[in-house]
file structure.txt (compact mmCIF, C-alpha atoms)
# COMPACT_ATOMS: atom_id res chain seq x y z
CA MET A 1 262.00 -69.88 -51.31
CA SER A 2 261.11 -69.91 -55.00
CA PHE A 3 260.06 -67.25 -57.50
CA GLU A 4 256.75 -69.14 -57.62
CA ASP A 5 256.03 -68.07 -54.05
CA ASN A 6 255.41 -64.57 -55.40
CA ILE A 7 253.03 -65.64 -58.17
CA ARG A 8 249.28 -65.21 -57.85
CA ARG A 9 247.51 -68.49 -58.58
CA VAL A 10 243.84 -68.86 -59.35
CA VAL A 11 241.58 -71.44 -60.96
CA PRO A 12 240.70 -69.75 -64.28
CA TYR A 13 237.36 -69.44 -65.99
CA THR A 14 236.81 -72.22 -68.52
CA PRO A 15 235.12 -71.06 -71.75
CA GLY A 16 233.10 -73.35 -74.00
CA GLU A 17 234.92 -75.40 -76.60
CA GLN A 18 235.74 -73.66 -79.88
CA PRO A 19 236.11 -76.54 -82.39
CA GLU A 20 238.11 -75.75 -85.51
CA ARG A 21 236.02 -77.88 -87.84
CA LYS A 22 232.47 -77.03 -88.85
CA VAL A 23 229.95 -78.30 -86.33
CA ILE A 24 226.53 -77.28 -85.00
CA LYS A 25 227.82 -75.03 -82.24
CA LEU A 26 225.30 -74.60 -79.44
CA ASN A 27 227.70 -74.29 -76.51
CA THR A 28 228.72 -70.62 -76.19
CA ASN A 29 225.47 -68.62 -76.48
CA GLU A 30 226.55 -66.81 -79.63
CA CYS A 31 223.96 -65.34 -81.96
CA PRO A 32 223.11 -67.74 -84.81
CA TYR A 33 222.59 -64.85 -87.23
CA PRO A 34 225.14 -62.46 -88.77
CA PRO A 35 225.61 -58.91 -87.46
CA SER A 36 223.60 -55.99 -88.77
CA PRO A 37 224.25 -55.24 -92.46
CA LYS A 38 225.06 -51.71 -91.34
CA ALA A 39 227.78 -53.05 -89.04
CA ALA A 40 229.18 -55.16 -91.89
CA GLU A 41 229.18 -52.12 -94.18
CA CYS A 42 231.01 -50.13 -91.51
CA LEU A 43 233.84 -52.66 -91.53
CA ARG A 44 234.00 -52.79 -95.33
CA THR A 45 234.35 -49.01 -95.57
CA LEU A 46 236.66 -48.56 -92.58
CA ASN A 47 239.40 -46.00 -93.17
CA THR A 48 242.43 -48.18 -92.43
CA ASP A 49 244.61 -45.10 -91.99
CA SER A 50 242.76 -44.59 -88.70
CA LEU A 51 244.36 -47.79 -87.38
CA ARG A 52 247.77 -46.13 -87.00
CA LEU A 53 246.23 -43.83 -84.39
CA TYR A 54 245.17 -44.68 -80.86
CA PRO A 55 241.40 -45.19 -80.52
CA GLU A 56 239.13 -42.86 -78.58
CA ALA A 57 240.01 -43.34 -74.93
CA ALA A 58 236.45 -42.57 -73.80
CA CYS A 59 234.85 -44.43 -76.74
CA GLN A 60 232.75 -41.31 -77.19
CA THR A 61 231.42 -42.21 -80.65
CA LEU A 62 229.97 -45.46 -79.29
CA VAL A 63 228.88 -43.99 -75.95
CA LYS A 64 227.01 -41.20 -77.72
CA ALA A 65 225.13 -43.73 -79.88
CA ILE A 66 224.28 -45.88 -76.84
CA GLY A 67 223.08 -42.85 -74.93
CA LYS A 68 220.85 -41.72 -77.78
CA TYR A 69 219.33 -45.19 -78.23
CA TYR A 70 218.51 -45.72 -74.55
CA GLY A 71 217.84 -42.09 -73.63
CA VAL A 72 220.67 -42.03 -71.08
CA ASP A 73 223.14 -39.20 -70.43
CA GLU A 74 226.61 -39.96 -71.81
CA GLU A 75 228.18 -39.35 -68.40
CA CYS A 76 226.15 -42.28 -67.10
CA ILE A 77 227.62 -44.78 -69.60
CA PHE A 78 230.86 -46.78 -69.54
CA ALA A 79 232.20 -48.82 -72.48
CA GLY A 80 234.66 -51.71 -72.37
CA VAL A 81 236.01 -54.73 -74.20
CA GLY A 82 233.01 -56.99 -73.87
CA SER A 83 230.92 -57.20 -70.71
CA ASP A 84 233.67 -59.37 -69.18
CA ASP A 85 236.03 -56.38 -69.23
CA VAL A 86 233.31 -54.11 -67.86
CA LEU A 87 232.45 -56.57 -65.08
CA SER A 88 236.11 -57.08 -64.25
CA MET A 89 236.57 -53.31 -63.89
CA CYS A 90 233.44 -53.20 -61.72
CA PHE A 91 234.83 -55.84 -59.35
CA LEU A 92 238.14 -53.99 -59.16
CA THR A 93 236.46 -50.64 -58.57
CA TYR A 94 233.47 -51.27 -56.34
CA PHE A 95 234.53 -54.21 -54.18
CA ALA A 96 237.52 -52.87 -52.27
CA GLY A 97 236.06 -53.40 -48.79
CA LYS A 98 236.57 -56.19 -46.28
CA LYS A 99 233.03 -57.54 -46.22
CA PRO A 100 232.26 -60.43 -48.60
CA VAL A 101 230.62 -59.82 -51.95
CA ILE A 102 227.61 -62.08 -52.45
CA PHE A 103 226.20 -63.79 -55.52
CA PRO A 104 224.34 -67.06 -56.27
CA ASP A 105 226.04 -70.44 -56.07
CA ILE A 106 224.83 -71.20 -59.59
CA THR A 107 225.59 -68.28 -61.88
CA TYR A 108 228.16 -66.97 -64.36
CA SER A 109 231.35 -68.76 -63.29
CA PHE A 110 233.61 -65.78 -63.93
CA TYR A 111 232.39 -63.99 -60.76
CA ASP A 112 234.33 -66.12 -58.30
CA VAL A 113 237.37 -65.99 -60.61
CA TRP A 114 237.47 -62.18 -60.57
CA ALA A 115 236.96 -62.18 -56.81
CA SER A 116 239.88 -64.59 -56.41
CA VAL A 117 242.27 -62.80 -58.76
CA TYR A 118 241.59 -59.42 -57.12
CA GLY A 119 241.68 -60.78 -53.57
CA ILE A 120 238.01 -59.92 -52.91
CA PRO A 121 236.26 -61.87 -50.14
CA TYR A 122 233.04 -63.46 -51.37
CA GLU A 123 230.27 -65.85 -50.43
CA THR A 124 227.87 -67.73 -52.66
CA ILE A 125 224.21 -68.03 -51.74
CA PRO A 126 222.33 -71.18 -52.81
CA LEU A 127 219.47 -70.84 -55.27
CA ASP A 128 216.34 -72.72 -54.27
CA GLU A 129 215.60 -76.18 -55.65
CA ASP A 130 214.02 -74.66 -58.78
CA PHE A 131 217.08 -72.41 -59.38
CA ASN A 132 215.32 -69.25 -58.21
CA ILE A 133 216.93 -66.47 -56.17
CA ARG A 134 215.39 -66.01 -52.74
CA ILE A 135 215.19 -62.24 -52.34
CA GLU A 136 215.42 -62.41 -48.53
CA ASP A 137 218.86 -64.04 -48.81
CA TYR A 138 220.22 -60.78 -50.22
CA LYS A 139 219.00 -58.62 -47.34
CA ARG A 140 222.11 -59.10 -45.26
CA GLU A 141 225.40 -57.38 -44.55
CA ASN A 142 227.77 -57.57 -47.52
CA GLY A 143 230.50 -55.80 -49.48
CA GLY A 144 228.57 -55.89 -52.74
CA VAL A 145 225.98 -57.89 -54.67
CA VAL A 146 226.16 -59.41 -58.16
CA ILE A 147 223.03 -60.66 -59.91
CA ALA A 148 222.94 -62.02 -63.46
CA ASN A 149 219.46 -61.38 -64.84
CA PRO A 150 218.47 -63.56 -66.61
CA ASN A 151 220.77 -65.89 -64.74
CA ALA A 152 223.33 -68.08 -66.47
CA PRO A 153 223.33 -70.99 -66.99
CA THR A 154 219.74 -71.42 -65.81
CA GLY A 155 217.98 -68.76 -67.93
CA VAL A 156 215.73 -67.87 -64.99
CA ALA A 157 214.88 -64.15 -64.65
CA LEU A 158 213.74 -61.88 -61.85
CA ASP A 159 211.19 -59.17 -62.57
CA LEU A 160 212.01 -55.50 -62.06
CA ASP A 161 210.27 -55.30 -58.67
CA GLN A 162 212.43 -58.12 -57.34
CA ILE A 163 215.64 -56.52 -58.60
CA GLU A 164 214.60 -53.21 -57.06
CA GLU A 165 213.92 -54.90 -53.74
CA ILE A 166 217.50 -56.19 -53.70
CA VAL A 167 218.94 -52.80 -54.71
CA LYS A 168 216.85 -50.97 -52.12
CA ALA A 169 217.92 -53.35 -49.35
CA ASN A 170 221.62 -52.79 -50.09
CA ARG A 171 222.03 -49.01 -50.09
CA GLU A 172 225.45 -49.32 -48.43
CA SER A 173 226.95 -51.50 -51.17
CA VAL A 174 227.05 -51.56 -54.97
CA VAL A 175 224.66 -53.93 -56.73
CA ILE A 176 225.78 -55.12 -60.18
CA VAL A 177 223.01 -56.34 -62.47
CA ASP A 178 224.56 -58.33 -65.30
CA GLU A 179 222.11 -58.15 -68.22
CA ALA A 180 224.03 -60.10 -70.86
CA TYR A 181 220.80 -61.85 -71.93
CA ILE A 182 218.23 -59.15 -71.18
CA ASP A 183 217.13 -58.68 -74.80
CA PHE A 184 215.61 -62.16 -75.03
CA GLY A 185 212.56 -61.66 -72.85
CA SER A 186 212.98 -60.13 -69.38
CA GLN A 187 212.71 -56.75 -67.71
CA THR A 188 215.73 -54.46 -67.61
CA ALA A 189 216.88 -52.75 -64.41
CA LEU A 190 217.93 -49.67 -66.40
CA PRO A 191 215.18 -47.43 -64.89
CA LEU A 192 216.72 -48.01 -61.45
CA ILE A 193 219.83 -45.94 -62.20
CA ASN A 194 217.66 -42.83 -61.95
CA LYS A 195 216.38 -43.84 -58.50
CA TYR A 196 219.40 -45.37 -56.79
CA GLU A 197 223.09 -44.42 -56.67
CA ASN A 198 224.24 -47.95 -55.77
CA VAL A 199 223.20 -49.89 -58.90
CA ILE A 200 225.09 -50.49 -62.14
CA VAL A 201 223.58 -52.31 -65.13
CA VAL A 202 225.99 -54.16 -67.43
CA ARG A 203 225.24 -55.11 -71.05
CA THR A 204 226.97 -56.71 -74.05
CA MET A 205 226.69 -56.66 -77.84
CA SER A 206 227.93 -60.25 -78.07
CA LYS A 207 224.54 -61.95 -77.96
CA SER A 208 221.57 -59.94 -79.18
CA ARG A 209 223.61 -57.80 -81.58
CA ALA A 210 225.73 -60.67 -82.95
CA LEU A 211 229.10 -59.02 -82.27
CA ALA A 212 230.85 -61.50 -79.98
CA GLY A 213 233.97 -61.27 -82.15
CA MET A 214 234.21 -57.50 -81.70
CA ARG A 215 234.12 -57.56 -77.87
CA ILE A 216 231.81 -54.67 -77.02
CA GLY A 217 230.39 -54.19 -73.54
CA TYR A 218 228.90 -51.24 -71.72
CA ALA A 219 227.29 -50.23 -68.44
CA PHE A 220 224.80 -47.71 -67.06
CA ALA A 221 224.91 -46.08 -63.63
CA CYS A 222 224.73 -42.69 -61.96
CA ARG A 223 227.51 -40.21 -62.81
CA LYS A 224 229.29 -40.86 -59.53
CA LEU A 225 229.62 -44.62 -60.07
CA ILE A 226 230.69 -44.20 -63.70
CA GLY A 227 233.27 -41.64 -62.57
CA TYR A 228 234.83 -44.11 -60.14
CA LEU A 229 234.85 -46.76 -62.86
CA ASN A 230 236.62 -44.47 -65.32
CA ASP A 231 239.23 -43.57 -62.71
CA VAL A 232 240.18 -47.23 -62.38
CA LYS A 233 240.01 -47.86 -66.13
CA TYR A 234 242.38 -44.99 -66.91
CA SER A 235 244.74 -46.28 -64.21
CA VAL A 236 244.90 -49.70 -65.89
CA ASN A 237 244.58 -49.10 -69.64
CA SER A 238 243.50 -45.84 -71.26
CA TYR A 239 242.79 -47.33 -74.69
CA THR A 240 240.72 -50.43 -74.05
CA MET A 241 238.45 -50.64 -77.10
CA ASN A 242 239.81 -50.58 -80.64
CA THR A 243 238.57 -48.27 -83.40
CA PRO A 244 236.81 -50.94 -85.53
CA SER A 245 234.83 -52.09 -82.47
CA ILE A 246 233.80 -48.54 -81.57
CA LEU A 247 232.54 -47.81 -85.09
CA THR A 248 230.93 -51.20 -85.63
CA GLY A 249 229.16 -51.02 -82.29
CA LYS A 250 227.74 -47.61 -83.20
CA ALA A 251 226.44 -48.95 -86.52
CA ALA A 252 224.88 -52.00 -84.85
CA ILE A 253 223.05 -50.10 -82.15
CA GLU A 254 221.62 -47.71 -84.71
CA ASP A 255 220.06 -50.59 -86.67
CA ASP A 256 217.10 -51.18 -84.38
CA GLU A 257 214.99 -52.92 -87.02
CA TYR A 258 217.57 -55.66 -87.58
CA PHE A 259 218.16 -56.03 -83.82
CA LYS A 260 214.45 -56.66 -83.20
CA GLU A 261 214.25 -59.04 -86.14
CA ILE A 262 216.99 -61.39 -84.96
CA THR A 263 216.03 -61.32 -81.27
CA SER A 264 212.44 -62.17 -82.24
CA LYS A 265 213.70 -65.12 -84.28
CA VAL A 266 215.79 -66.42 -81.36
CA ILE A 267 212.86 -66.09 -78.94
CA ALA A 268 210.49 -67.95 -81.28
CA THR A 269 213.00 -70.75 -81.85
CA ARG A 270 213.68 -71.00 -78.12
CA LYS A 271 209.98 -71.45 -77.34
CA HIS A 272 209.65 -74.16 -79.99
CA THR A 273 212.76 -75.92 -78.68
CA GLU A 274 211.41 -75.87 -75.13
CA GLU A 275 208.18 -77.50 -76.34
CA GLU A 276 210.09 -80.20 -78.21
CA LEU A 277 212.35 -80.97 -75.25
CA ARG A 278 209.45 -81.18 -72.82
CA SER A 279 207.63 -83.56 -75.17
CA MET A 280 210.68 -85.84 -74.96
CA GLY A 281 210.67 -85.83 -71.17
CA PHE A 282 213.31 -83.20 -70.49
CA LYS A 283 212.91 -81.11 -67.34
CA LEU A 284 213.49 -77.39 -67.81
CA ASN A 285 212.45 -74.00 -66.50
CA THR A 286 211.11 -71.48 -68.96
CA SER A 287 214.12 -69.53 -70.20
CA SER A 288 214.38 -65.77 -70.67
CA ALA A 289 217.77 -66.03 -72.41
CA ASN A 290 219.13 -67.25 -75.75
CA PHE A 291 219.65 -70.74 -74.35
CA VAL A 292 217.75 -73.42 -72.46
CA PHE A 293 218.87 -75.35 -69.40
CA ALA A 294 217.55 -78.87 -69.65
CA LYS A 295 217.75 -82.09 -67.65
CA PRO A 296 217.47 -85.29 -69.72
CA PRO A 297 214.67 -87.78 -68.95
CA SER A 298 215.05 -90.31 -66.16
CA GLY A 299 217.53 -93.00 -67.11
CA TYR A 300 219.80 -90.72 -69.14
CA GLU A 301 222.83 -88.91 -67.77
CA ALA A 302 223.53 -85.38 -68.99
CA LYS A 303 227.22 -86.18 -69.50
CA GLU A 304 226.30 -89.20 -71.61
CA VAL A 305 223.90 -87.18 -73.79
CA PHE A 306 226.54 -84.44 -74.11
CA GLU A 307 229.10 -86.96 -75.41
CA GLU A 308 226.63 -88.60 -77.78
CA LEU A 309 225.71 -85.23 -79.28
CA LYS A 310 229.39 -84.43 -79.67
CA LYS A 311 229.87 -87.63 -81.68
CA ARG A 312 227.25 -86.23 -84.05
CA ASP A 313 229.12 -82.89 -84.29
CA ILE A 314 226.58 -81.07 -82.15
CA TYR A 315 228.22 -79.15 -79.31
CA VAL A 316 226.26 -78.13 -76.20
CA ARG A 317 227.56 -77.22 -72.73
CA HIS A 318 227.84 -79.53 -69.74
CA PHE A 319 229.05 -78.26 -66.36
CA ASN A 320 230.54 -80.89 -64.09
CA LYS A 321 229.56 -78.98 -60.95
CA ASP A 322 227.47 -79.60 -57.88
CA ARG A 323 223.71 -79.30 -58.39
CA ILE A 324 223.89 -78.77 -62.18
CA ALA A 325 225.88 -81.77 -63.42
CA GLY A 326 222.59 -83.36 -64.46
CA TYR A 327 221.74 -80.52 -66.87
CA LEU A 328 222.77 -79.36 -70.34
CA ARG A 329 222.89 -75.74 -71.40
CA ILE A 330 221.85 -75.52 -75.03
CA SER A 331 222.33 -72.29 -76.98
CA ILE A 332 219.57 -71.41 -79.43
CA GLY A 333 220.70 -71.70 -83.04
CA THR A 334 218.81 -71.35 -86.29
CA ASP A 335 215.62 -73.36 -86.83
CA GLU A 336 217.60 -75.79 -88.97
CA GLU A 337 220.26 -76.27 -86.28
CA MET A 338 217.68 -76.86 -83.57
CA ASP A 339 215.80 -79.34 -85.78
CA ALA A 340 219.07 -81.23 -86.18
CA LEU A 341 219.56 -81.17 -82.39
CA ILE A 342 216.07 -82.54 -81.73
CA ALA A 343 216.53 -85.25 -84.37
CA ALA A 344 219.82 -86.30 -82.76
CA LEU A 345 218.27 -86.34 -79.29
CA LYS A 346 215.49 -88.61 -80.56
CA GLU A 347 218.18 -91.04 -81.71
CA ILE A 348 219.96 -90.89 -78.34
CA ILE A 349 216.90 -90.95 -76.08
CA VAL A 350 214.78 -93.90 -77.08
call {"tool": "encode", "arguments": {"input": "structure.txt", "output": "structure tokens"}}
result
Amino acid sequence: MSFEDNIRRVVPYTPGEQPERKVIKLNTNECPYPPSPKAAECLRTLNTDSLRLYPEAACQTLVKAIGKYYGVDEECIFAGVGSDDVLSMCFLTYFAGKKPVIFPDITYSFYDVWASVYGIPYETIPLDEDFNIRIEDYKRENGGVVIANPNAPTGVALDLDQIEEIVKANRESVVIVDEAYIDFGSQTALPLINKYENVIVVRTMSKSRALAGMRIGYAFACRKLIGYLNDVKYSVNSYTMNTPSILTGKAAIEDDEYFKEITSKVIATRKHTEEELRSMGFKLNTSSANFVFAKPPSGYEAKEVFEELKKRDIYVRHFNKDRIAGYLRISIGTDEEMDALIAALKEIIV
């Protein structure tokens, strides 16, 4: 008998590399543009005396701003430290049954980690050969459903009718719709919270609002679901989000003009990048996210291309996993960064 027999062991989530030197960083789906000037001004004028006090436990300043922007009642909103924290709390709260939670075999790789660390039974359901969800596969007995829409790392999105079909077919379990990339071109499931009690929609300010470093996530659901989520949150950590994040998040969400400007830029650059990659022989689905998922032309291995780009100080993401090892996930940077990527690829793929 050893003390290690009492230790929980899991295979952790592996984030993208964070190189210390300056590189073209297209591997972690961060926004290539700075945060809203209003958010920056908020930090510059922050009353540092407020830092000696605990932050708002309910994040009410931020929640109120989110509610006003989306037209949602404050009691139907939950805020947390990035969408990872929100999703983690959702797993802990809503998946306490004995039936397996279901989600795609190719999706955000934190889902199976949370299930493992919390002792939640789960099953993964294969996407089809084009990386699409088959709606019928989610009309089965389960302890919960998790759908990333658009999906990661594929960028493929379901439309609202398809999401609703899944929610409607699973009235006896909670359906989490992870919308980390929703602002880059797909339909939100937000309207469904007014029709169904079993759906929760999770968002982040890391991507489309350029605040990955502030860790701001939030979720929408009916009052009952949010109430259960708060009960668990306050049983784990009452003060999850710090004061600078609360205030900066409020400033960012109130700057709608800047938000639309930078998301439009990312979408335009993504479309141009897709065209360039296809012209070089890459295989890819049309993305609805701030990244593309691309398979190099015949005769070139994704791992090889990944390493060659790295030698040129261009970082993209390669997953050494079944079914997707032949693909690269490439975050959308500025026009200049993507031009440099395409130029490097033309050197590698000849």
call {"tool": "atom_distance", "arguments": {"input": "structure.txt", "atom1": "atom CA of Ile216 of chain A", "atom2": "atom CA of Asp84 of chain A"}}
result
9.3 Å
call {"tool": "axis_aligned_box", "arguments": {"input": "structure.txt", "around": "segment 205-216 of chain A", "padding_each_side": "6 Å", "output": "JSON"}}
result
{"center_x": 227.9, "center_y": -58.3, "center_z": -80.0, "size_x": 24.6, "size_y": 19.3, "size_z": 17.9}
call {"tool": "closest_residue", "arguments": {"input": "structure.txt", "among": "A:Ile226, A:Ile349, A:Val10, A:Ile193", "to": "Gly119 of chain A", "atoms": "only C-alpha atoms"}}
result
A:Val10
call {"tool": "residues_around", "arguments": {"input": "structure.txt", "residues": "segment 39-47 of chain A", "least_positions_apart": "2", "cutoff": "9 Å", "atoms": "all atoms listed in the file", "output": "CSV table (one decimal) with C-alpha atoms, in the coordinates of the input"}}
result
chain,number,residue,atom,x,y,z
A,34,PRO,CA,225.1,-62.5,-88.8
A,35,PRO,CA,225.6,-58.9,-87.5
A,36,SER,CA,223.6,-56.0,-88.8
A,37,PRO,CA,224.2,-55.2,-92.5
A,49,ASP,CA,244.6,-45.1,-92.0
A,50,SER,CA,242.8,-44.6,-88.7
A,51,LEU,CA,244.4,-47.8,-87.4
A,244,PRO,CA,236.8,-50.9,-85.5
A,247,LEU,CA,232.5,-47.8,-85.1
A,248,THR,CA,230.9,-51.2,-85.6
A,249,GLY,CA,229.2,-51.0,-82.3
A,250,LYS,CA,227.7,-47.6,-83.2
A,251,ALA,CA,226.4,-49.0,-86.5
A,252,ALA,CA,224.9,-52.0,-84.8
A,253,ILE,CA,223.0,-50.1,-82.2
A,255,ASP,CA,220.1,-50.6,-86.7
call {"tool": "atom_distance", "arguments": {"input": "structure.txt", "atom1": "atom CA of Asp335 of chain A", "atom2": "atom CA of Met205 of chain A"}}
result
22.0 Å
call {"tool": "closest_residue", "arguments": {"input": "structure.txt", "among": "A:Val11, A:Ala302, A:Val199, A:Ala344", "to": "Val175 of chain A", "atoms": "only C-alpha atoms"}}
result
A:Val199
call {"tool": "residues_around", "arguments": {"input": "structure.txt", "residues": "Ile135 of chain A", "least_positions_apart": "3", "cutoff": "12 Å", "atoms": "all atoms listed in the file", "output": "JSON, numbers by chain"}}
result
{"A": [103, 104, 125, 126, 127, 128, 132, 138, 139, 140, 145, 147, 158, 159, 161, 162, 163, 164, 165, 166, 167, 168, 169, 170]}
